[in-house]
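*Asks:* Okay, so here is query35.txt, and as you'll see once you scroll down, it has compact mmCIF, C-alpha atoms.
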```
# COMPACT_ATOMS: atom_id res chain seq x y z
CA MET A 24 -21.36 -3.46 -0.03
CA GLY A 25 -24.72 -4.45 -1.48
CA VAL A 26 -25.00 -1.13 -3.29
CA VAL A 27 -21.43 -1.21 -4.59
CA SER A 28 -21.53 -4.88 -5.63
CA ARG A 29 -23.43 -3.95 -8.80
CA LEU A 30 -20.38 -2.00 -9.93
CA GLY A 31 -18.10 -5.02 -9.47
CA LYS A 32 -17.86 -5.81 -13.18
CA VAL A 33 -16.45 -2.35 -13.85
CA LEU A 34 -14.41 -1.71 -10.69
CA GLY A 35 -13.11 -5.24 -10.06
CA PRO A 36 -10.77 -5.66 -13.06
CA ARG A 37 -9.31 -2.19 -12.43
CA GLY A 38 -8.53 -3.02 -8.79
CA LEU A 39 -10.82 -0.25 -7.54
CA MET A 40 -13.42 -2.37 -5.77
CA PRO A 41 -13.76 -1.23 -2.15
CA THR A 42 -13.18 -3.87 0.52
CA PRO A 43 -13.79 -3.83 4.27
CA LYS A 44 -10.35 -5.46 4.80
CA ALA A 45 -8.59 -2.47 3.22
CA GLY A 46 -10.70 0.01 5.18
CA THR A 47 -12.38 1.47 2.08
CA VAL A 48 -15.83 0.38 3.29
CA VAL A 49 -17.25 1.93 6.46
CA THR A 50 -19.93 -0.07 8.25
CA ALA A 51 -23.32 1.47 9.07
CA GLY A 52 -22.23 2.34 12.61
CA GLY A 53 -18.68 3.36 11.60
CA ASP A 54 -17.13 6.80 11.70
CA ILE A 55 -16.96 8.11 8.14
CA ALA A 56 -15.07 11.26 9.12
CA ALA A 57 -12.29 9.20 10.73
CA ALA A 58 -11.93 7.04 7.61
CA VAL A 59 -11.66 10.14 5.40
CA ARG A 60 -9.08 11.70 7.75
CA GLU A 61 -6.95 8.54 7.61
CA PHE A 62 -6.85 8.51 3.82
CA LYS A 63 -6.17 12.25 3.60
CA ALA A 64 -3.34 11.83 6.11
CA GLY A 65 -1.67 9.36 3.77
CA LYS A 66 -2.89 5.89 4.68
CA VAL A 67 -1.14 3.47 2.33
CA GLU A 68 -2.76 0.29 1.10
CA TYR A 69 -0.33 -2.41 0.05
CA ARG A 70 -0.81 -5.78 -1.58
CA THR A 71 1.22 -8.91 -1.95
CA ASP A 72 1.29 -11.14 -4.99
CA LYS A 73 1.70 -14.92 -5.25
CA GLY A 74 5.48 -14.61 -5.34
CA GLY A 75 5.61 -12.81 -1.99
CA ASN A 76 6.33 -9.38 -3.47
CA VAL A 77 4.81 -6.36 -1.73
CA HIS A 78 3.43 -3.59 -3.96
CA ALA A 79 2.58 -0.13 -2.65
CA GLY A 80 2.55 3.48 -3.71
CA VAL A 81 4.98 5.41 -1.53
CA GLY A 82 5.16 8.70 -3.41
CA LYS A 83 5.05 10.52 -6.69
CA MET A 84 7.77 11.49 -9.13
CA SER A 85 7.19 15.15 -8.17
CA PHE A 86 8.14 14.53 -4.51
CA GLU A 87 11.42 15.89 -3.20
CA GLU A 88 14.18 13.29 -2.75
CA ASP A 89 14.28 13.51 1.05
CA LYS A 90 10.50 13.18 1.39
CA LEU A 91 10.47 10.17 -0.94
CA ALA A 92 13.35 8.54 0.96
CA GLU A 93 11.52 9.12 4.24
CA ASN A 94 8.32 7.56 2.85
CA ILE A 95 10.22 4.51 1.63
CA SER A 96 12.07 4.01 4.91
CA VAL A 97 8.87 4.33 6.97
CA PHE A 98 7.09 1.85 4.69
CA VAL A 99 9.92 -0.69 4.90
CA GLU A 100 9.94 -0.41 8.69
CA GLN A 101 6.17 -0.99 8.79
CA VAL A 102 6.54 -4.10 6.64
CA ARG A 103 9.33 -5.38 8.91
CA HIS A 104 7.18 -4.63 11.96
CA ALA A 105 4.29 -6.65 10.45
CA LYS A 106 6.50 -9.76 10.18
CA PRO A 107 4.72 -12.78 11.66
CA SER A 108 6.53 -14.42 14.56
CA ALA A 109 6.46 -17.80 12.77
CA VAL A 110 8.62 -16.50 9.90
CA LYS A 111 12.32 -17.15 10.37
CA GLY A 112 15.22 -15.46 8.57
CA ASN A 113 15.17 -12.31 6.46
CA PHE A 114 11.69 -10.95 5.83
CA VAL A 115 12.80 -8.29 3.32
CA ASN A 116 15.30 -9.66 0.78
CA SER A 117 15.51 -6.74 -1.65
CA ILE A 118 13.86 -3.42 -2.43
CA THR A 119 13.14 -2.09 -5.91
CA ILE A 120 11.39 1.18 -6.64
CA ALA A 121 9.84 2.15 -9.96
CA GLY A 122 7.61 4.84 -11.34
CA THR A 123 4.63 3.94 -13.48
CA MET A 124 5.86 2.41 -16.74
CA THR A 125 9.54 2.91 -15.83
CA PRO A 126 12.23 0.33 -15.18
CA GLY A 127 12.83 -0.63 -11.56
CA VAL A 128 15.85 0.58 -9.60
CA ARG A 129 17.27 -1.60 -6.83
CA VAL A 130 17.79 0.17 -3.52
CA SER A 131 20.42 -0.94 -1.03
CA MET A 132 19.15 -1.77 2.43
```
Give the structure from this file in structure tokens form.

*Replies:*
Amino acid sequence: MGVVSRLGKVLGPRGLMPTPKAGTVVTAGGDIAAAVREFKAGKVEYRTDKGGNVHAGVGKMSFEEDKLAENISVFVEQVRHAKPSAVKGNFVNSITIAGTMTPGVRVSM
């Protein structure tokens, strides 16, 4: 992180700064090959904003419909599985998908 921290002024505002929490920084004794395999296999990083919305990339516009639907359903199940035990009620209220710079489309659960 000490080497990369100098690039923080450039990478930080773009959201590209690597973080150990997201798994984009491998410690000195860590397995670099395993980290690369995870990302090539399709490891998805997701973020939440202050309003409780979850943002993640689940596919590209060029994906086939069934593959995109499968990616979305797997991601929603992972979010539901990550629900803390202290949270009561519905954890996922609504789902909206959108391409870059396109209007969002609500998806029925």

*Asks:* Please indicate the distance in Å from CA of Val48 in chain A to CA of Glu100 in chain A, rounded to one decimal place.

*Replies:*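 For CA of Val48 in chain A relative to CA of Glu100 in chain A, the distance reads 26.3 Å.
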
*Asks:* Which distance in Å separates CA of Ile118 in chain A and CA of Val130 in chain A, to one decimal?

*Replies:*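 Between CA of Ile118 in chain A and CA of Val130 in chain A the gap works out to 5.4 Å.
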
*Asks:* Which one is closest to Val115 in chain A: A:Thr47, A:Thr71, A:Asn76, A:Ser85? Count only C-alpha atoms.

*Replies:*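 Ranked by minimum distance to Val115 in chain A, first place goes to A:Asn76.
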
*Asks:* Mind pulling up the distance from CA of Glu68 in chain A to CA of Thr42 in chain A?

*Replies:*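 Between CA of Thr42 in chain A and CA of Glu68 in chain A the gap is 11.2 Å.
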
*Asks:* Between A:Ala92, A:Ser117, A:Gly53, A:Glu61, which one has atoms that come closest to Arg129 in chain A, using only C-alpha atoms?

*Replies:* A:Ser117

*Asks:* From the list A:Arg29, A:Arg37, A:Lys73, A:His78, which residue is nearest Val102 in chain A when using all atoms listed in the file?

*Replies:*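 Smallest distance to Val102 in chain A is found for A:His78.
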
*Asks:* Can you tell me, as a VMD selection string, what residues are no more than 8 Å from Val81 in chain A when counting all atoms listed in the file, ignoring any on the same chain fewer than 3 positions away?

*Replies:* chain A and resid 67 91 94 to 95 98
